[in-house]
Amino acid sequence: MTPGPGRPLAAALAEGTVLLDGGLSNQLEAQGCDLSDALWSARLLADGPGQIEAAHTAYVRAGAQVLITASYQASHEGFERRGIGRDEAAALFARSVELARRAAGTVERDVWVAASVGPYGAVTADGAEYRGRYGLTVRELERFHRPRIEALAAAGPDALALETVPDMDEARALLRVAGEYGLPVWLSYTVAGGRTRAGQPLDEAFALARGHDEVIAVGVNCCDPADAEAAARTAVRTTGKPAVVYPNSGEHWDAASGAWSGAATFTPARRAAWEEAGARLVGGCCRVGPATIAELAGVGGGLGAG
């Protein structure tokens, strides 16, 4: 296993802003990968691990200081549908961490690896992560997420990214399970117009992270860039923790047609406002590539990770 950074991610956040990577899927597509499978980028853990490592490396070279693994849409159930058993699935979860770790090791600076724990809706591959309200209880969601989190935690990432969470029930489940493994985590909702995708007020949603010492940042991702600043302010005010912000390009995803539309509104100039609002983990999500992350790295003051 490639060694990790010399200090915890939380220590870097206490010193200043740390730069996240951008969208993994769009970089893989730029490399010529077909992501039409229901497993999305997670399929390449089995079929094209070199492509995932190359995508991570592109973000490291762009200046990213945190790499988010290719496990967002990975699940034991999804792998099982591909004929992949539990032991092999556990190895693929571990591979997601090691691929990011190897890319991180290509530079002489601290680069952290955050294991992506996407929502239940991502695994259904029908856009449900933008709606939430799956009809499952918190306990049922816990049972779904526990094997995924256990496998990722066993691989030794620097943090768990509980990301693109559409509603409070899933956040409760994720926080309960992640808290069992002793790793730092961040909690990141996908939001629209100042509410979760399921329509809950953000102050109530963020408040779930209070009292969880393992949570090092709270905020939003996979949202319109225009929603990020106000959400970051609410997250900091509600929890007293640093905010995490990594929105989409500003284009809009149509799950029915499987296509993006509209104009990109993500600009690196937004970084200053996000930081002023309390964001200390800053990057991009869907359709934000290495070139934009490189621009984001060049805006504002020095990064906390050096």
# chains A, B, ... in the order shown; residues from 1 in each chain; ligands from 1
call {"tool": "residues_around", "arguments": {"residues": "range 138-150 of chain A", "least_positions_apart": "6", "cutoff": "7 Å", "atoms": "only C-alpha atoms", "output": "JSON, numbers by chain"}}
result
{"A": [75, 169, 170, 172, 173, 174, 177, 178]}
call {"tool": "closest_atom_pairs", "arguments": {"of": "range 100-170 of chain A", "to": "range 45-60 of chain A", "cutoff": "12 Å", "atoms": "only C-alpha atoms", "output": "CSV"}}
result
residue,atom,partner,partner_atom,distance
A:Ala100,CA,A:His56,CA,6.1
A:Arg101,CA,A:Glu53,CA,8.9
A:Arg102,CA,A:Glu53,CA,7.4
A:Ala103,CA,A:Thr57,CA,4.9
A:Ala104,CA,A:Val60,CA,6.6
A:Gly105,CA,A:Thr57,CA,9.2
A:Thr106,CA,A:Thr57,CA,7.6
A:Val107,CA,A:Val60,CA,7.6
A:Glu108,CA,A:Val60,CA,10.7
A:Arg109,CA,A:Val60,CA,10.0
A:Asp110,CA,A:Val60,CA,10.4
A:Val111,CA,A:Val60,CA,7.9
A:Trp112,CA,A:Val60,CA,10.4
A:Val113,CA,A:His56,CA,10.2
A:Ala114,CA,A:His56,CA,11.9
call {"tool": "write_last_selection", "arguments": {"atoms": "C-alpha atoms", "output": "tab-separated table (two decimals), in the first residue's frame"}}
result
chain	number	residue	atom	x	y	z
A	100	ALA	CA	-6.18	7.10	-5.64
A	101	ARG	CA	-3.31	6.55	-3.21
A	102	ARG	CA	-0.95	5.65	-6.04
A	103	ALA	CA	-1.91	8.78	-7.97
A	104	ALA	CA	-1.38	10.84	-4.80
A	105	GLY	CA	2.11	9.38	-4.53
A	106	THR	CA	3.17	10.93	-7.84
A	107	VAL	CA	3.83	14.31	-6.21
A	108	GLU	CA	6.01	15.43	-3.30
A	109	ARG	CA	3.26	17.00	-1.20
A	110	ASP	CA	0.39	15.90	0.97
A	111	VAL	CA	-2.53	14.51	-1.00
A	112	TRP	CA	-5.37	12.91	0.96
A	113	VAL	CA	-7.67	10.12	-0.25
A	114	ALA	CA	-11.37	10.34	0.59
call {"tool": "residues_around", "arguments": {"residues": "Arg86 in chain A", "least_positions_apart": "4", "cutoff": "12 Å", "atoms": "only C-alpha atoms", "output": "tab-separated table (two decimals) with N, CA and C atoms, in the first residue's frame"}}
result
chain	number	residue	atom	x	y	z
A	75	SER	N	-21.54	-0.85	-5.07
A	75	SER	CA	-22.27	-1.52	-3.99
A	75	SER	C	-22.12	-3.01	-4.17
A	76	HIS	N	-22.28	-3.75	-3.08
A	76	HIS	CA	-22.23	-5.20	-3.19
A	76	HIS	C	-23.36	-5.70	-4.09
A	77	GLU	N	-24.53	-5.08	-3.98
A	77	GLU	CA	-25.66	-5.50	-4.81
A	77	GLU	C	-25.37	-5.27	-6.29
A	78	GLY	N	-24.81	-4.10	-6.60
A	78	GLY	CA	-24.48	-3.81	-7.99
A	78	GLY	C	-23.42	-4.74	-8.55
A	79	PHE	N	-22.38	-5.01	-7.74
A	79	PHE	CA	-21.35	-5.94	-8.19
A	79	PHE	C	-21.92	-7.35	-8.36
A	80	GLU	N	-22.83	-7.73	-7.46
A	80	GLU	CA	-23.42	-9.07	-7.54
A	80	GLU	C	-24.18	-9.25	-8.85
A	81	ARG	N	-24.86	-8.18	-9.29
A	81	ARG	CA	-25.58	-8.27	-10.56
A	81	ARG	C	-24.63	-8.48	-11.74
A	82	ARG	N	-23.36	-8.13	-11.55
A	82	ARG	CA	-22.34	-8.37	-12.57
A	82	ARG	C	-21.62	-9.69	-12.37
A	90	ALA	N	-15.18	-6.75	-2.19
A	90	ALA	CA	-14.38	-6.10	-1.16
A	90	ALA	C	-13.02	-5.69	-1.72
A	91	ALA	N	-12.45	-6.54	-2.58
A	91	ALA	CA	-11.17	-6.21	-3.20
A	91	ALA	C	-11.28	-5.01	-4.13
A	92	LEU	N	-12.43	-4.87	-4.80
A	92	LEU	CA	-12.63	-3.73	-5.69
A	92	LEU	C	-12.80	-2.44	-4.90
A	93	PHE	N	-13.51	-2.49	-3.77
A	93	PHE	CA	-13.59	-1.32	-2.90
A	93	PHE	C	-12.18	-0.91	-2.46
A	147	PRO	N	-22.13	-2.52	4.68
A	147	PRO	CA	-21.08	-3.30	4.01
A	147	PRO	C	-20.17	-2.45	3.13
A	148	ARG	N	-20.71	-1.43	2.50
A	148	ARG	CA	-19.90	-0.55	1.66
A	148	ARG	C	-18.89	0.21	2.51
A	151	ALA	N	-16.14	-2.04	3.93
A	151	ALA	CA	-15.12	-2.40	2.95
A	151	ALA	C	-14.19	-1.23	2.65
call {"tool": "select_by_dssp", "arguments": {"residues": "range 246-304 of chain A", "states": "helix (DSSP H, G or I)", "output": "number ranges by chain"}}
result
A: 268-276, 290-297
call {"tool": "write_last_selection", "arguments": {"atoms": "N, CA, C and O atoms", "output": "PDB file, in the first residue's frame"}}
result
ATOM      1  N   PRO A 268     -13.830  29.881 -11.221  1.00  0.00           N
ATOM      2  CA  PRO A 268     -12.905  29.890 -10.093  1.00  0.00           C
ATOM      3  C   PRO A 268     -13.018  31.144  -9.233  1.00  0.00           C
ATOM      4  O   PRO A 268     -12.680  31.119  -8.043  1.00  0.00           O
ATOM      5  N   ALA A 269     -13.512  32.237  -9.813  1.00  0.00           N
ATOM      6  CA  ALA A 269     -13.664  33.479  -9.042  1.00  0.00           C
ATOM      7  C   ALA A 269     -14.634  33.310  -7.874  1.00  0.00           C
ATOM      8  O   ALA A 269     -14.601  34.102  -6.915  1.00  0.00           O
ATOM      9  N   ARG A 270     -15.476  32.285  -7.911  1.00  0.00           N
ATOM     10  CA  ARG A 270     -16.405  32.053  -6.796  1.00  0.00           C
ATOM     11  C   ARG A 270     -15.689  31.590  -5.537  1.00  0.00           C
ATOM     12  O   ARG A 270     -16.262  31.643  -4.441  1.00  0.00           O
ATOM     13  N   ARG A 271     -14.465  31.125  -5.675  1.00  0.00           N
ATOM     14  CA  ARG A 271     -13.756  30.569  -4.527  1.00  0.00           C
ATOM     15  C   ARG A 271     -13.688  31.544  -3.362  1.00  0.00           C
ATOM     16  O   ARG A 271     -13.862  31.151  -2.199  1.00  0.00           O
ATOM     17  N   ALA A 272     -13.421  32.809  -3.634  1.00  0.00           N
ATOM     18  CA  ALA A 272     -13.275  33.783  -2.555  1.00  0.00           C
ATOM     19  C   ALA A 272     -14.549  33.888  -1.724  1.00  0.00           C
ATOM     20  O   ALA A 272     -14.497  33.954  -0.486  1.00  0.00           O
ATOM     21  N   ALA A 273     -15.692  33.891  -2.383  1.00  0.00           N
ATOM     22  CA  ALA A 273     -16.952  33.984  -1.654  1.00  0.00           C
ATOM     23  C   ALA A 273     -17.210  32.722  -0.840  1.00  0.00           C
ATOM     24  O   ALA A 273     -17.716  32.789   0.286  1.00  0.00           O
ATOM     25  N   TRP A 274     -16.856  31.564  -1.392  1.00  0.00           N
ATOM     26  CA  TRP A 274     -17.032  30.322  -0.641  1.00  0.00           C
ATOM     27  C   TRP A 274     -16.155  30.312   0.605  1.00  0.00           C
ATOM     28  O   TRP A 274     -16.598  29.920   1.679  1.00  0.00           O
ATOM     29  N   GLU A 275     -14.923  30.761   0.453  1.00  0.00           N
ATOM     30  CA  GLU A 275     -14.026  30.808   1.608  1.00  0.00           C
ATOM     31  C   GLU A 275     -14.518  31.809   2.643  1.00  0.00           C
ATOM     32  O   GLU A 275     -14.463  31.542   3.859  1.00  0.00           O
ATOM     33  N   GLU A 276     -14.984  32.945   2.188  1.00  0.00           N
ATOM     34  CA  GLU A 276     -15.499  33.956   3.118  1.00  0.00           C
ATOM     35  C   GLU A 276     -16.702  33.411   3.884  1.00  0.00           C
ATOM     36  O   GLU A 276     -16.929  33.767   5.044  1.00  0.00           O
ATOM     37  N   PRO A 290     -10.018  18.873 -14.765  1.00  0.00           N
ATOM     38  CA  PRO A 290      -8.710  19.287 -14.263  1.00  0.00           C
ATOM     39  C   PRO A 290      -8.320  20.714 -14.621  1.00  0.00           C
ATOM     40  O   PRO A 290      -7.683  21.403 -13.808  1.00  0.00           O
ATOM     41  N   ALA A 291      -8.686  21.188 -15.805  1.00  0.00           N
ATOM     42  CA  ALA A 291      -8.320  22.553 -16.186  1.00  0.00           C
ATOM     43  C   ALA A 291      -8.960  23.571 -15.245  1.00  0.00           C
ATOM     44  O   ALA A 291      -8.321  24.556 -14.844  1.00  0.00           O
ATOM     45  N   THR A 292     -10.216  23.336 -14.876  1.00  0.00           N
ATOM     46  CA  THR A 292     -10.896  24.254 -13.959  1.00  0.00           C
ATOM     47  C   THR A 292     -10.329  24.140 -12.553  1.00  0.00           C
ATOM     48  O   THR A 292     -10.191  25.150 -11.846  1.00  0.00           O
ATOM     49  N   ILE A 293      -9.984  22.923 -12.119  1.00  0.00           N
ATOM     50  CA  ILE A 293      -9.358  22.759 -10.810  1.00  0.00           C
ATOM     51  C   ILE A 293      -8.007  23.480 -10.780  1.00  0.00           C
ATOM     52  O   ILE A 293      -7.643  24.110  -9.775  1.00  0.00           O
ATOM     53  N   ALA A 294      -7.269  23.432 -11.855  1.00  0.00           N
ATOM     54  CA  ALA A 294      -5.989  24.146 -11.923  1.00  0.00           C
ATOM     55  C   ALA A 294      -6.225  25.658 -11.789  1.00  0.00           C
ATOM     56  O   ALA A 294      -5.469  26.361 -11.104  1.00  0.00           O
ATOM     57  N   GLU A 295      -7.271  26.164 -12.436  1.00  0.00           N
ATOM     58  CA  GLU A 295      -7.607  27.577 -12.292  1.00  0.00           C
ATOM     59  C   GLU A 295      -8.008  27.884 -10.853  1.00  0.00           C
ATOM     60  O   GLU A 295      -7.612  28.917 -10.290  1.00  0.00           O
ATOM     61  N   LEU A 296      -8.794  27.010 -10.251  1.00  0.00           N
ATOM     62  CA  LEU A 296      -9.239  27.203  -8.871  1.00  0.00           C
ATOM     63  C   LEU A 296      -8.047  27.226  -7.932  1.00  0.00           C
ATOM     64  O   LEU A 296      -8.009  27.998  -6.957  1.00  0.00           O
ATOM     65  N   ALA A 297      -7.047  26.401  -8.216  1.00  0.00           N
ATOM     66  CA  ALA A 297      -5.834  26.359  -7.387  1.00  0.00           C
ATOM     67  C   ALA A 297      -5.067  27.678  -7.437  1.00  0.00           C
ATOM     68  O   ALA A 297      -4.373  28.032  -6.488  1.00  0.00           O
TER      69      ALA A 297
END
call {"tool": "select_by_dssp", "arguments": {"residues": "range 94-298 of chain A", "states": "strand (DSSP E or B)", "output": "PyMOL selection string"}}
result
chain A and resi 112-117+159-165+185-189+191-192+195-196+201+215-221+243-246+252-254+259-261+279-282
call {"tool": "closest_residue", "arguments": {"among": "A:Gly250, A:Gly4, A:Gly32, A:Pro225", "to": "Ala159 in chain A", "atoms": "only C-alpha atoms"}}
result
A:Gly4
call {"tool": "atom_distance", "arguments": {"atom1": "CA of Ala264 in chain A", "atom2": "CA of Cys285 in chain A"}}
result
12.3 Å
call {"tool": "atom_distance", "arguments": {"atom1": "CA of Ala226 in chain A", "atom2": "CA of His252 in chain A"}}
result
12.8 Å
call {"tool": "closest_residue", "arguments": {"among": "A:Thr265, A:Thr196, A:Gln65, A:Ser71", "to": "Ala161 in chain A", "atoms": "only C-alpha atoms"}}
result
A:Ser71
call {"tool": "closest_residue", "arguments": {"among": "A:Ala122, A:Ala235, A:Leu67, A:Ala243", "to": "Glu98 in chain A", "atoms": "only C-alpha atoms"}}
result
A:Leu67
call {"tool": "residues_around", "arguments": {"residues": "Asp167 in chain A", "least_positions_apart": "4", "cutoff": "10 Å", "atoms": "only C-alpha atoms", "output": "ChimeraX atom specification"}}
result
/A:119,129-134,171-172,189-191,195-202,205
call {"tool": "residues_around", "arguments": {"residues": "range 13-25 of chain A", "least_positions_apart": "3", "cutoff": "6 Å", "atoms": "only C-alpha atoms", "output": "VMD selection string"}}
result
chain A and resid 10 28 59 64 to 67 280 to 289 303 to 305
